[in-house]
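K.L.:
Just coords.cif, nothing more (mmCIF, C-alpha atoms):
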data_structure
#
loop_
_atom_site.label_atom_id
_atom_site.label_comp_id
_atom_site.auth_asym_id
_atom_site.auth_seq_id
_atom_site.Cartn_x
_atom_site.Cartn_y
_atom_site.Cartn_z
CA ASP A 1 156.39 131.81 42.85
CA THR A 2 154.39 135.06 42.87
CA GLY A 3 155.02 136.02 46.49
CA VAL A 4 157.45 138.54 47.94
CA SER A 5 161.02 137.47 47.37
CA GLN A 6 164.05 138.55 49.39
CA ASN A 7 167.72 137.96 48.75
CA PRO A 8 169.94 136.86 50.27
CA ARG A 9 168.23 134.72 52.89
CA HIS A 10 171.25 134.88 55.16
CA LYS A 11 174.16 137.27 55.36
CA ILE A 12 177.16 137.13 57.66
CA THR A 13 179.39 140.16 57.56
CA LYS A 14 182.23 141.64 59.50
CA ARG A 15 181.65 144.77 61.55
CA GLY A 16 182.28 147.87 59.49
CA GLN A 17 181.34 146.34 56.15
CA ASN A 18 178.43 147.54 54.01
CA VAL A 19 175.58 145.20 53.14
CA THR A 20 172.72 145.44 50.67
CA PHE A 21 169.52 143.43 50.65
CA ARG A 22 167.05 143.08 47.82
CA CYS A 23 163.27 142.73 47.86
CA ASP A 24 161.02 141.87 44.93
CA PRO A 25 157.40 142.59 45.86
CA ILE A 26 154.26 140.99 44.47
CA SER A 27 154.09 142.42 40.96
CA GLU A 28 150.85 144.39 41.15
CA HIS A 29 151.56 145.81 44.62
CA ASN A 30 152.53 149.47 44.64
CA ARG A 31 153.40 149.69 48.33
CA LEU A 32 156.57 148.25 49.73
CA TYR A 33 157.70 148.22 53.35
CA TRP A 34 160.91 147.36 55.17
CA TYR A 35 160.85 146.09 58.74
CA ARG A 36 163.45 144.87 61.19
CA GLN A 37 162.75 142.14 63.71
CA THR A 38 164.86 141.03 66.65
CA LEU A 39 164.28 137.99 68.84
CA GLY A 40 161.15 138.22 70.95
CA GLN A 41 159.96 141.42 69.35
CA GLY A 42 157.42 142.26 66.69
CA PRO A 43 158.52 143.69 63.36
CA GLU A 44 159.74 147.28 63.68
CA PHE A 45 158.88 149.61 60.82
CA LEU A 46 161.82 151.16 58.96
CA THR A 47 160.58 152.73 55.75
CA TYR A 48 157.87 152.66 53.10
CA PHE A 49 157.54 153.27 49.36
CA GLN A 50 154.55 153.97 47.21
CA ASN A 51 155.74 153.11 43.73
CA GLU A 52 159.18 154.72 43.49
CA ALA A 53 158.50 157.44 46.07
CA GLN A 54 159.87 156.92 49.57
CA LEU A 55 157.05 158.43 51.58
CA GLU A 56 158.25 157.60 55.07
CA LYS A 57 161.81 157.26 56.21
CA SER A 58 161.91 158.98 59.56
CA ARG A 59 162.02 155.64 61.31
CA LEU A 60 165.16 154.43 59.64
CA LEU A 61 167.42 153.58 62.55
CA SER A 62 170.31 155.85 61.66
CA ASP A 63 171.89 157.59 58.70
CA ARG A 64 173.75 154.35 58.02
CA PHE A 65 170.48 152.91 56.73
CA SER A 66 169.12 153.81 53.32
CA ALA A 67 166.60 152.31 50.93
CA GLU A 68 165.75 152.74 47.28
CA ARG A 69 163.09 151.63 44.86
CA PRO A 70 164.33 153.19 41.65
CA LYS A 71 161.74 151.95 39.18
CA GLY A 72 158.89 151.28 41.51
CA SER A 73 159.45 147.54 41.36
CA PHE A 74 162.22 145.92 43.43
CA SER A 75 163.78 147.67 46.40
CA THR A 76 167.13 147.58 48.13
CA LEU A 77 168.03 148.26 51.74
CA GLU A 78 171.63 149.20 52.44
CA ILE A 79 173.36 149.32 55.79
CA GLN A 80 176.72 151.05 55.82
CA ARG A 81 179.46 150.45 58.38
CA THR A 82 177.56 147.61 60.01
CA GLU A 83 177.59 147.22 63.78
CA GLN A 84 176.88 144.16 65.89
CA GLY A 85 173.60 145.71 66.96
CA ASP A 86 172.42 145.58 63.36
CA SER A 87 172.16 141.80 63.61
CA ALA A 88 168.49 141.01 63.05
CA MET A 89 165.96 139.71 60.55
CA TYR A 90 165.16 142.26 57.86
CA LEU A 91 161.70 141.77 56.43
CA CYS A 92 160.17 143.22 53.31
CA ALA A 93 156.43 143.37 52.69
CA SER A 94 154.18 144.64 49.95
CA SER A 95 150.54 145.61 49.72
CA LEU A 96 148.04 146.68 47.13
CA GLY A 97 146.78 149.94 48.60
CA ASP A 98 145.40 151.89 51.51
CA ASN A 99 144.50 149.95 54.63
CA THR A 100 145.13 146.58 53.05
CA GLU A 101 147.03 143.69 54.49
CA ALA A 102 150.71 143.30 53.71
CA PHE A 103 152.42 140.15 52.51
CA PHE A 104 155.89 139.39 53.74
CA GLY A 105 158.96 137.88 52.19
CA GLN A 106 160.94 135.25 54.03
CA GLY A 107 163.38 137.84 55.27
CA THR A 108 167.13 138.30 55.25
CA ARG A 109 168.85 137.26 58.44
CA LEU A 110 171.88 139.46 59.06
CA THR A 111 174.64 138.49 61.44
CA VAL A 112 177.39 141.01 62.10
CA VAL A 113 180.51 139.48 63.63
CA ARG B 1 153.36 154.58 74.81
CA LYS B 2 153.63 151.95 72.11
CA GLU B 3 151.18 152.06 69.23
CA VAL B 4 150.16 148.46 69.83
CA GLU B 5 150.52 146.45 73.03
CA GLN B 6 150.12 142.74 73.56
CA ASP B 7 150.70 140.35 76.42
CA PRO B 8 153.78 138.44 75.24
CA GLY B 9 152.72 135.28 77.07
CA PRO B 10 153.72 132.55 76.79
CA PHE B 11 150.35 130.86 76.79
CA ASN B 12 150.63 127.10 77.27
CA VAL B 13 147.32 125.33 76.71
CA PRO B 14 146.28 121.70 76.25
CA GLU B 15 144.93 120.43 72.95
CA GLY B 16 141.26 121.17 72.60
CA ALA B 17 141.32 124.20 74.87
CA THR B 18 139.94 127.61 74.01
CA VAL B 19 142.38 130.49 74.27
CA ALA B 20 141.94 134.22 73.81
CA PHE B 21 144.44 137.01 73.15
CA ASN B 22 143.85 140.70 73.53
CA CYS B 23 145.66 143.61 72.00
CA THR B 24 145.27 147.31 72.74
CA TYR B 25 146.08 150.20 70.44
CA SER B 26 146.82 153.75 71.40
CA ASN B 27 145.49 155.80 68.52
CA SER B 28 141.75 156.17 68.16
CA ALA B 29 142.25 157.10 64.51
CA SER B 30 143.36 153.57 63.78
CA GLN B 31 141.43 152.23 60.87
CA SER B 32 142.41 148.71 59.91
CA PHE B 33 143.22 145.76 62.07
CA PHE B 34 144.72 142.34 61.44
CA TRP B 35 146.02 139.27 63.18
CA TYR B 36 149.16 137.71 61.77
CA ARG B 37 150.71 134.39 62.70
CA GLN B 38 154.47 133.88 62.84
CA ASP B 39 156.16 130.51 63.20
CA CYS B 40 159.65 130.29 64.66
CA ARG B 41 162.24 131.83 62.32
CA LYS B 42 159.64 132.38 59.60
CA GLU B 43 157.98 135.48 58.21
CA PRO B 44 154.62 136.77 59.54
CA LYS B 45 151.62 135.51 57.60
CA LEU B 46 148.16 137.01 57.57
CA LEU B 47 145.76 135.01 59.71
CA MET B 48 142.70 137.22 59.40
CA SER B 49 141.50 140.76 59.08
CA VAL B 50 139.38 142.18 61.91
CA TYR B 51 136.12 143.83 60.96
CA SER B 52 134.04 146.17 63.07
CA SER B 53 131.22 143.67 63.31
CA GLY B 54 133.56 140.86 64.29
CA ASN B 55 134.36 137.94 62.07
CA GLU B 56 134.95 134.23 62.22
CA ASP B 57 137.06 131.86 60.20
CA GLY B 58 136.64 128.26 61.29
CA ARG B 59 138.00 127.92 64.81
CA PHE B 60 139.21 131.53 64.87
CA THR B 61 137.11 134.52 65.88
CA ALA B 62 138.31 138.12 65.81
CA GLN B 63 136.58 141.05 67.45
CA LEU B 64 137.10 144.78 67.56
CA ASN B 65 136.07 147.10 70.37
CA ARG B 66 136.64 150.66 69.17
CA ALA B 67 135.35 152.27 72.36
CA SER B 68 137.97 150.49 74.46
CA GLN B 69 140.54 150.40 71.67
CA TYR B 70 141.26 146.71 71.70
CA ILE B 71 141.02 143.75 69.41
CA SER B 72 140.82 140.11 70.37
CA LEU B 73 141.49 136.72 68.86
CA LEU B 74 139.74 133.60 70.09
CA ILE B 75 140.96 130.15 69.13
CA ARG B 76 138.63 127.24 69.83
CA ASP B 77 139.56 123.56 69.96
CA SER B 78 143.29 124.31 69.91
CA LYS B 79 145.47 122.09 67.73
CA LEU B 80 149.17 121.36 68.11
CA SER B 81 149.63 123.15 64.79
CA ASP B 82 148.28 126.37 66.31
CA SER B 83 151.54 126.75 68.26
CA ALA B 84 153.04 130.00 67.01
CA THR B 85 153.36 133.69 67.82
CA TYR B 86 150.27 135.76 67.10
CA LEU B 87 150.90 139.37 66.11
CA CYS B 88 148.34 142.12 66.41
CA VAL B 89 148.59 144.70 63.59
CA VAL B 90 147.04 148.14 63.30
CA ILE B 91 147.01 150.66 60.44
CA LYS B 92 146.45 154.22 61.57
CA THR B 93 144.42 156.54 59.39
CA GLY B 94 146.78 158.66 57.34
CA ALA B 95 149.82 156.61 58.29
CA ASN B 96 151.72 154.63 55.76
CA ASN B 97 152.78 151.62 57.73
CA LEU B 98 151.49 148.71 59.71
CA PHE B 99 152.17 148.85 63.43
CA PHE B 100 152.92 145.49 65.01
CA GLY B 101 152.57 144.37 68.59
CA THR B 102 155.31 142.36 70.24
CA GLY B 103 153.35 139.18 69.62
CA THR B 104 151.83 136.59 71.94
CA ARG B 105 153.49 133.22 72.05
CA LEU B 106 151.13 130.21 72.11
CA THR B 107 152.16 126.64 72.75
CA VAL B 108 149.55 123.92 72.49
CA ILE B 109 150.51 120.90 74.56
CA PRO B 110 149.50 117.31 73.70
#
How would this structure read if it were set down as structure tokens?

P.N.:
Amino acid sequence: DTGVSQNPRHKITKRGQNVTFRCDPISEHNRLYWYRQTLGQGPEFLTYFQNEAQLEKSRLLSDRFSAERPKGSFSTLEIQRTEQGDSAMYLCASSLGDNTEAFFGQGTRLTVV
Amino acid sequence: RKEVEQDPGPFNVPEGATVAFNCTYSNSASQSFFWYRQDCRKEPKLLMSVYSSGNEDGRFTAQLNRASQYISLLIRDSKLSDSATYLCVVIKTGANNLFFGTGTRLTVIP
């Protein structure tokens, strides 16, 4: 499968725990995006990487959220001290360059109990 | 004001009907436009790009009106399998992310 891959697909965690999600983009894509989606809403942009550089992170929801892409390939999104309001689908997407369409992974569904 | 606005619907149409969705965007510097389709509890998937001259792909036609800052999607001869949420997406010049609308929910009824 050469598409965007996300792991895990589902995560249930207790409030206050830290969680980390992984995204493997399409191999030749240098841009990688993280989005969050809640029921009835469109995907909400969180952050963006071009290769290993995080070029946009002002829309991360709070300082509990952080993302990395250390070698310009896979990326991780970490949420510290999870809250019930963090429950959502977290989507990763990748694209080839400027103004090109993005391809999404199947997402990680987070439930905070 | 949101970057991208869509009527959330729902639109309930009979099989064979023609249905149209509009989407407005706030920034005139927006440069690239797309329609994505999202099935329930699945990821968004690219349906089609929207070109300045308008473009067609089978039963689907997309148009862009830069002067009025809106894009449209027309679906002809609706099929049951067209039932999904249709997301309008805009890339703003100089920005590094895709802005999504809320999505318009379509249900095609037998």

K.L.:
As a check of understanding, name the residues that the PyMOL selection byres ((chain B) within 12 of (chain A)) selects in the supplied structure, as a PyMOL selection string.

P.N.:
chain B and resi 2-10+30-50+85-105

K.L.:
Work out how far CA of Asn18 (chain A) is from CA of Asp63 (chain A), in Å to one decimal.

P.N.:
12.9 Å

K.L.:
What residues have an atom no more than 12 Å from (145.5, 121.8, 65.0) in the file's own frame, counting all atoms listed in the file, and can you write them as a ChimeraX atom specification?

P.N.:
/B:14-17,58-60,75-84,107-110

K.L.:
Calculate how many Å separate CA of Leu96 (chain A) from CA of Ile26 (chain A), rounding to one decimal.

P.N.:
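Here the two named atoms are 8.8 Å from each other.
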
K.L.:
Run the PyMOL selection byres ((chain B and resi 20) around 6) mentally over the shown coordinates, then write out the matched residues as a VMD selection string, using the chain letters and numbers from the document.

P.N.:
chain B and resid 19 21 73 to 74

K.L.:
Find the residues near Ser28 (chain B): any atom within 9 Å, counting only C-alpha atoms, skip ones fewer than 6 places away on the same chain, and give them as a PyMOL selection string.

P.N.:
chain B and resi 66-67+69+92
